[in-house]
Amino acid sequence: MTQTADTTGYKEIKQTVLDRIRSGQWLPDMLLPNEQDLAVEFSCTRTTVNRALRELAEEGFLERRRKAGTRVLSAPQRQARFTIPLVREEVEALGGTYRYALVSAQAEQAPEWLAARLALGSDRRVMHVRCMHFSDNTPFQFEDRWIVTASVPAVEQADFSTLGPNEWLIQTVPFTNVELSFLASRANAELAGFLDVTVGEPVFTAERITWLQGSPVTFAKMYFAAGYRMTTRF
């Protein structure tokens with residue numbers, strides 16, 4: 001049996017589906033034709049149709065349910081996508097010269113708040129790493145990170161004197177899930193000294209937790225120097 005070659009690409013199908021939604025041809029909560037019918041209409045494979053619809057669902061225009069089909073969402077749910085760059089790349093992209101400095105790295109028992117946050121069991125050993133990232137010798141970010149030893153045993157032999165913990169983790173272990181939080185923290189005396197800000201000054205702060213197949217890998221807090229900006233697009 002010869003497979004029919006696609007004559008319509010998935011991007012064209014995406015655009016056509018969007019046009020039909022925006023023009024009112026396909027109304028909110030309306031069930032779309034099935035993938036086989038759309039494949040016939042667009043003279044392509046079901047795989048191509050599937051990719052187009054899957055991406056539109058990920059972008060918040062459609063709802064896909066197994067055995068229930070694909071529907072137009074009544075209120076498109078646009079999703080913000082954040083890129084998590086290496087600090088080195090972020091500094092260099094802004095035209096700065098990157099420099100890293102280790103503050104401390106020690107194995108310890110996770111504090112109670114961290115054990116509760118990560119749902120750690122009886123083995124609560126973590127590697128606690130604190131470090132500074134600079135741009136042209138100006139403070140850029142202070143990083144305070146805990147790495148779960150049970151999830152990443154190699155961390156006990158890791159050398160963070162010249163390589164930051166985030167870069168090391170990317171090279172060592174993958175992750176499957178991420179939780180990101182953004183908030184303003186007030187600088188205490190230690191943080192004010194690291195970032196060259198005044199005590200009590202609001203500091204842009206990011207918290208990140210990563211998991212690998214349900215097991216916690218790391219919890220990190222990143223504090224940014226004054227003037228830091230994070231931008232995303234919808």
# chains A, B, ... in the order shown; residues from 1 in each chain; ligands from 1

$ residues_around --residues "Ala39 (chain A)" --least-positions-apart "6" --cutoff "9 Å" --atoms "only C-alpha atoms" --output "list of chain:residue names"
A:Thr45, A:Arg46, A:Thr47, A:Thr48, A:Val49

$ write_last_selection --atoms "N, CA and C atoms" --output "compact mmCIF listing (two decimals), in the first residue's frame"
# COMPACT_ATOMS: atom_id res chain seq x y z
N THR A 45 -1.38 13.49 5.61
CA THR A 45 -1.51 12.36 6.52
C THR A 45 -2.15 12.80 7.83
N ARG A 46 -2.65 11.83 8.59
CA ARG A 46 -3.21 12.13 9.90
C ARG A 46 -2.14 12.67 10.83
N THR A 47 -0.91 12.22 10.63
CA THR A 47 0.20 12.68 11.48
C THR A 47 0.37 14.19 11.35
N THR A 48 0.26 14.70 10.14
CA THR A 48 0.39 16.13 9.90
C THR A 48 -0.75 16.90 10.57
N VAL A 49 -1.97 16.39 10.42
CA VAL A 49 -3.12 17.02 11.07
C VAL A 49 -2.95 16.98 12.59

$ atom_distance --atom1 "CA of Phe224 (chain A)" --atom2 "CA of Leu195 (chain A)"
7.5 Å

$ select_by_dssp --residues "region 89-212 of chain A" --states "helix (DSSP H, G or I)" --output "ChimeraX atom specification"
/A:89-93,112-118,153-157,165-172,189-195

$ closest_residue --among "A:Gly200, A:Gly69, A:Pro216, A:Gly95" --to "Met30 (chain A)" --atoms "only C-alpha atoms"
A:Gly69

$ closest_residue --among "A:Ser135, A:Asn50, A:Ser161, A:Thr70" --to "Ala105 (chain A)" --atoms "only C-alpha atoms"
A:Ser161

$ select_by_dssp --residues "region 89-183 of chain A" --states "strand (DSSP E)" --output "PyMOL selection string"
chain A and resi 98-109+125-135+138-148+177-183

$ write_last_selection --atoms "N, CA and C atoms" --output "compact mmCIF listing (two decimals), in the first residue's frame"
# COMPACT_ATOMS: atom_id res chain seq x y z
N TYR A 98 31.09 37.48 31.49
CA TYR A 98 30.60 36.68 32.61
C TYR A 98 31.73 36.26 33.53
N ARG A 99 31.43 36.30 34.85
CA ARG A 99 32.36 35.78 35.85
C ARG A 99 31.56 35.08 36.95
N TYR A 100 32.08 33.95 37.41
CA TYR A 100 31.41 33.14 38.43
C TYR A 100 32.28 33.07 39.68
N ALA A 101 31.65 33.08 40.85
CA ALA A 101 32.39 32.95 42.11
C ALA A 101 31.59 32.09 43.08
N LEU A 102 32.21 31.04 43.58
CA LEU A 102 31.58 30.17 44.57
C LEU A 102 31.65 30.83 45.94
N VAL A 103 30.52 30.85 46.64
CA VAL A 103 30.47 31.37 48.00
C VAL A 103 30.64 30.24 48.99
N SER A 104 29.86 29.16 48.83
CA SER A 104 29.99 28.00 49.71
C SER A 104 29.31 26.80 49.08
N ALA A 105 29.78 25.61 49.43
CA ALA A 105 29.16 24.35 48.98
C ALA A 105 29.39 23.33 50.07
N GLN A 106 28.31 22.82 50.63
CA GLN A 106 28.45 21.84 51.71
C GLN A 106 27.27 20.88 51.74
N ALA A 107 27.57 19.64 52.08
CA ALA A 107 26.53 18.62 52.25
C ALA A 107 25.90 18.81 53.62
N GLU A 108 24.58 18.71 53.69
CA GLU A 108 23.89 18.90 54.95
C GLU A 108 22.54 18.22 54.91
N GLN A 109 21.87 18.19 56.05
CA GLN A 109 20.50 17.70 56.10
C GLN A 109 19.57 18.84 55.69
N ARG A 125 19.42 14.23 52.79
CA ARG A 125 20.71 14.83 52.46
C ARG A 125 20.60 15.69 51.20
N VAL A 126 21.20 16.86 51.27
CA VAL A 126 21.24 17.76 50.12
C VAL A 126 22.63 18.39 50.05
N MET A 127 22.97 18.86 48.86
CA MET A 127 24.16 19.68 48.69
C MET A 127 23.68 21.11 48.58
N HIS A 128 24.14 21.95 49.51
CA HIS A 128 23.72 23.34 49.54
C HIS A 128 24.82 24.20 48.92
N VAL A 129 24.51 24.82 47.78
CA VAL A 129 25.50 25.61 47.04
C VAL A 129 25.03 27.05 46.94
N ARG A 130 25.92 27.97 47.30
CA ARG A 130 25.63 29.39 47.15
C ARG A 130 26.74 30.00 46.29
N CYS A 131 26.35 30.83 45.34
CA CYS A 131 27.35 31.37 44.42
C CYS A 131 26.89 32.70 43.85
N MET A 132 27.86 33.42 43.30
CA MET A 132 27.59 34.72 42.67
C MET A 132 27.89 34.66 41.19
N HIS A 133 27.09 35.38 40.42
CA HIS A 133 27.30 35.54 38.99
C HIS A 133 27.47 37.03 38.72
N PHE A 134 28.49 37.38 37.94
CA PHE A 134 28.79 38.78 37.68
C PHE A 134 28.74 39.07 36.18
N SER A 135 28.47 40.33 35.86
CA SER A 135 28.57 40.84 34.50
C SER A 135 29.53 42.01 34.54
N THR A 138 30.33 43.36 37.83
CA THR A 138 29.20 43.96 38.55
C THR A 138 28.24 42.84 38.94
N PRO A 139 27.74 42.84 40.19
CA PRO A 139 26.82 41.77 40.60
C PRO A 139 25.64 41.64 39.65
N PHE A 140 25.35 40.42 39.24
CA PHE A 140 24.23 40.15 38.35
C PHE A 140 23.19 39.27 39.04
N GLN A 141 23.64 38.19 39.69
CA GLN A 141 22.71 37.27 40.36
C GLN A 141 23.40 36.55 41.51
N PHE A 142 22.69 36.42 42.62
CA PHE A 142 23.11 35.56 43.72
C PHE A 142 22.23 34.33 43.69
N GLU A 143 22.85 33.15 43.67
CA GLU A 143 22.12 31.88 43.55
C GLU A 143 22.26 31.07 44.83
N ASP A 144 21.14 30.64 45.37
CA ASP A 144 21.10 29.83 46.59
C ASP A 144 20.37 28.54 46.23
N ARG A 145 21.09 27.41 46.15
CA ARG A 145 20.54 26.18 45.57
C ARG A 145 20.78 24.97 46.46
N TRP A 146 19.72 24.12 46.54
CA TRP A 146 19.83 22.83 47.22
C TRP A 146 19.63 21.72 46.18
N ILE A 147 20.52 20.75 46.16
CA ILE A 147 20.43 19.62 45.22
C ILE A 147 20.23 18.36 46.03
N VAL A 148 19.20 17.59 45.70
CA VAL A 148 18.83 16.40 46.48
C VAL A 148 19.79 15.26 46.15
N ASN A 177 9.90 17.96 34.96
CA ASN A 177 8.92 18.95 35.36
C ASN A 177 9.61 20.11 36.07
N VAL A 178 9.03 21.30 35.90
CA VAL A 178 9.59 22.51 36.51
C VAL A 178 8.46 23.33 37.11
N GLU A 179 8.71 23.88 38.30
CA GLU A 179 7.80 24.86 38.90
C GLU A 179 8.57 26.16 39.06
N LEU A 180 8.00 27.25 38.52
CA LEU A 180 8.65 28.56 38.59
C LEU A 180 7.76 29.52 39.37
N SER A 181 8.38 30.31 40.25
CA SER A 181 7.67 31.36 40.96
C SER A 181 8.51 32.63 40.90
N PHE A 182 7.83 33.78 40.82
CA PHE A 182 8.53 35.06 40.78
C PHE A 182 7.97 35.94 41.88
N LEU A 183 8.82 36.61 42.60
CA LEU A 183 8.40 37.42 43.72
C LEU A 183 9.43 38.50 44.01

$ residues_around --residues "Ser151 (chain A)" --least-positions-apart "4" --cutoff "12 Å" --atoms "only C-alpha atoms" --output "ChimeraX atom specification"
/A:118,120-121,123-127,146-147,155-156,169,172-175,210-218

$ residues_around --residues "Val203 (chain A)" --least-positions-apart "4" --cutoff "9 Å" --atoms "only C-alpha atoms" --output "list of chain:residue names"
A:Leu183, A:Ala184, A:Ser185, A:Arg186, A:Ala187, A:Val197, A:Tyr223, A:Phe224, A:Ala225, A:Ala226

$ write_last_selection --atoms "all heavy atoms" --output "JSON list (two decimals), in the first residue's frame"
[["chain", "number", "residue", "atom", "x", "y", "z"],
["A", 183, "LEU", "N", 8.82, 36.61, 42.60],
["A", 183, "LEU", "CA", 8.40, 37.42, 43.72],
["A", 183, "LEU", "C", 9.43, 38.50, 44.01],
["A", 183, "LEU", "O", 10.53, 38.51, 43.43],
["A", 183, "LEU", "CB", 8.20, 36.55, 44.96],
["A", 183, "LEU", "CG", 9.44, 35.80, 45.49],
["A", 183, "LEU", "CD1", 9.34, 35.62, 47.00],
["A", 183, "LEU", "CD2", 9.57, 34.43, 44.82],
["A", 184, "ALA", "N", 9.06, 39.40, 44.90],
["A", 184, "ALA", "CA", 10.00, 40.42, 45.37],
["A", 184, "ALA", "C", 10.40, 40.07, 46.80],
["A", 184, "ALA", "O", 9.54, 39.80, 47.64],
["A", 184, "ALA", "CB", 9.37, 41.80, 45.31],
["A", 185, "SER", "N", 11.69, 40.04, 47.06],
["A", 185, "SER", "CA", 12.21, 39.81, 48.39],
["A", 185, "SER", "C", 12.89, 41.08, 48.88],
["A", 185, "SER", "O", 13.40, 41.87, 48.08],
["A", 185, "SER", "CB", 13.24, 38.66, 48.39],
["A", 185, "SER", "OG", 12.68, 37.48, 47.88],
["A", 186, "ARG", "N", 12.92, 41.26, 50.20],
["A", 186, "ARG", "CA", 13.66, 42.40, 50.75],
["A", 186, "ARG", "C", 15.06, 41.93, 51.13],
["A", 186, "ARG", "O", 15.23, 40.91, 51.79],
["A", 186, "ARG", "CB", 12.94, 43.00, 51.95],
["A", 186, "ARG", "CG", 11.63, 43.68, 51.57],
["A", 186, "ARG", "CD", 11.13, 44.61, 52.66],
["A", 186, "ARG", "NE", 9.92, 45.31, 52.23],
["A", 186, "ARG", "CZ", 9.93, 46.42, 51.52],
["A", 186, "ARG", "NH1", 11.08, 46.95, 51.15],
["A", 186, "ARG", "NH2", 8.80, 47.00, 51.18],
["A", 187, "ALA", "N", 16.04, 42.66, 50.70],
["A", 187, "ALA", "CA", 17.43, 42.26, 50.92],
["A", 187, "ALA", "C", 17.80, 42.37, 52.39],
["A", 187, "ALA", "O", 17.63, 43.44, 53.00],
["A", 187, "ALA", "CB", 18.35, 43.13, 50.07],
["A", 197, "VAL", "N", 23.16, 46.38, 47.03],
["A", 197, "VAL", "CA", 21.94, 47.14, 47.20],
["A", 197, "VAL", "C", 21.83, 47.51, 48.68],
["A", 197, "VAL", "O", 22.62, 47.06, 49.51],
["A", 197, "VAL", "CB", 20.70, 46.33, 46.75],
["A", 197, "VAL", "CG1", 20.77, 46.00, 45.27],
["A", 197, "VAL", "CG2", 20.54, 45.06, 47.58],
["A", 223, "TYR", "N", 18.44, 35.56, 43.15],
["A", 223, "TYR", "CA", 18.20, 36.96, 43.47],
["A", 223, "TYR", "C", 18.97, 37.83, 42.47],
["A", 223, "TYR", "O", 20.18, 37.64, 42.29],
["A", 223, "TYR", "CB", 18.68, 37.28, 44.89],
["A", 223, "TYR", "CG", 18.07, 36.43, 45.96],
["A", 223, "TYR", "CD1", 18.65, 35.21, 46.33],
["A", 223, "TYR", "CD2", 16.91, 36.83, 46.63],
["A", 223, "TYR", "CE1", 18.11, 34.43, 47.34],
["A", 223, "TYR", "CE2", 16.36, 36.05, 47.65],
["A", 223, "TYR", "CZ", 16.96, 34.85, 47.99],
["A", 223, "TYR", "OH", 16.42, 34.07, 48.98],
["A", 224, "PHE", "N", 18.29, 38.76, 41.83],
["A", 224, "PHE", "CA", 18.90, 39.54, 40.76],
["A", 224, "PHE", "C", 19.21, 40.96, 41.21],
["A", 224, "PHE", "O", 18.47, 41.56, 42.01],
["A", 224, "PHE", "CB", 17.97, 39.58, 39.54],
["A", 224, "PHE", "CG", 17.76, 38.24, 38.90],
["A", 224, "PHE", "CD1", 16.78, 37.38, 39.35],
["A", 224, "PHE", "CD2", 18.57, 37.83, 37.84],
["A", 224, "PHE", "CE1", 16.59, 36.13, 38.76],
["A", 224, "PHE", "CE2", 18.39, 36.60, 37.25],
["A", 224, "PHE", "CZ", 17.40, 35.74, 37.71],
["A", 225, "ALA", "N", 20.29, 41.49, 40.66],
["A", 225, "ALA", "CA", 20.68, 42.86, 40.97],
["A", 225, "ALA", "C", 19.68, 43.85, 40.38],
["A", 225, "ALA", "O", 18.87, 43.51, 39.51],
["A", 225, "ALA", "CB", 22.08, 43.13, 40.41],
["A", 226, "ALA", "N", 19.73, 45.08, 40.88],
["A", 226, "ALA", "CA", 18.81, 46.12, 40.43],
["A", 226, "ALA", "C", 18.89, 46.29, 38.91],
["A", 226, "ALA", "O", 19.97, 46.22, 38.32],
["A", 226, "ALA", "CB", 19.16, 47.44, 41.12]]

$ atom_distance --atom1 "CA of Asp136 (chain A)" --atom2 "CA of Asp196 (chain A)"
14.1 Å

$ atom_distance --atom1 "CA of Asn137 (chain A)" --atom2 "CA of Gly96 (chain A)"
9.1 Å

$ closest_residue --among "A:Arg88, A:Glu12, A:Glu63, A:Ala68" --to "Asn34 (chain A)" --atoms "only C-alpha atoms"
A:Ala68
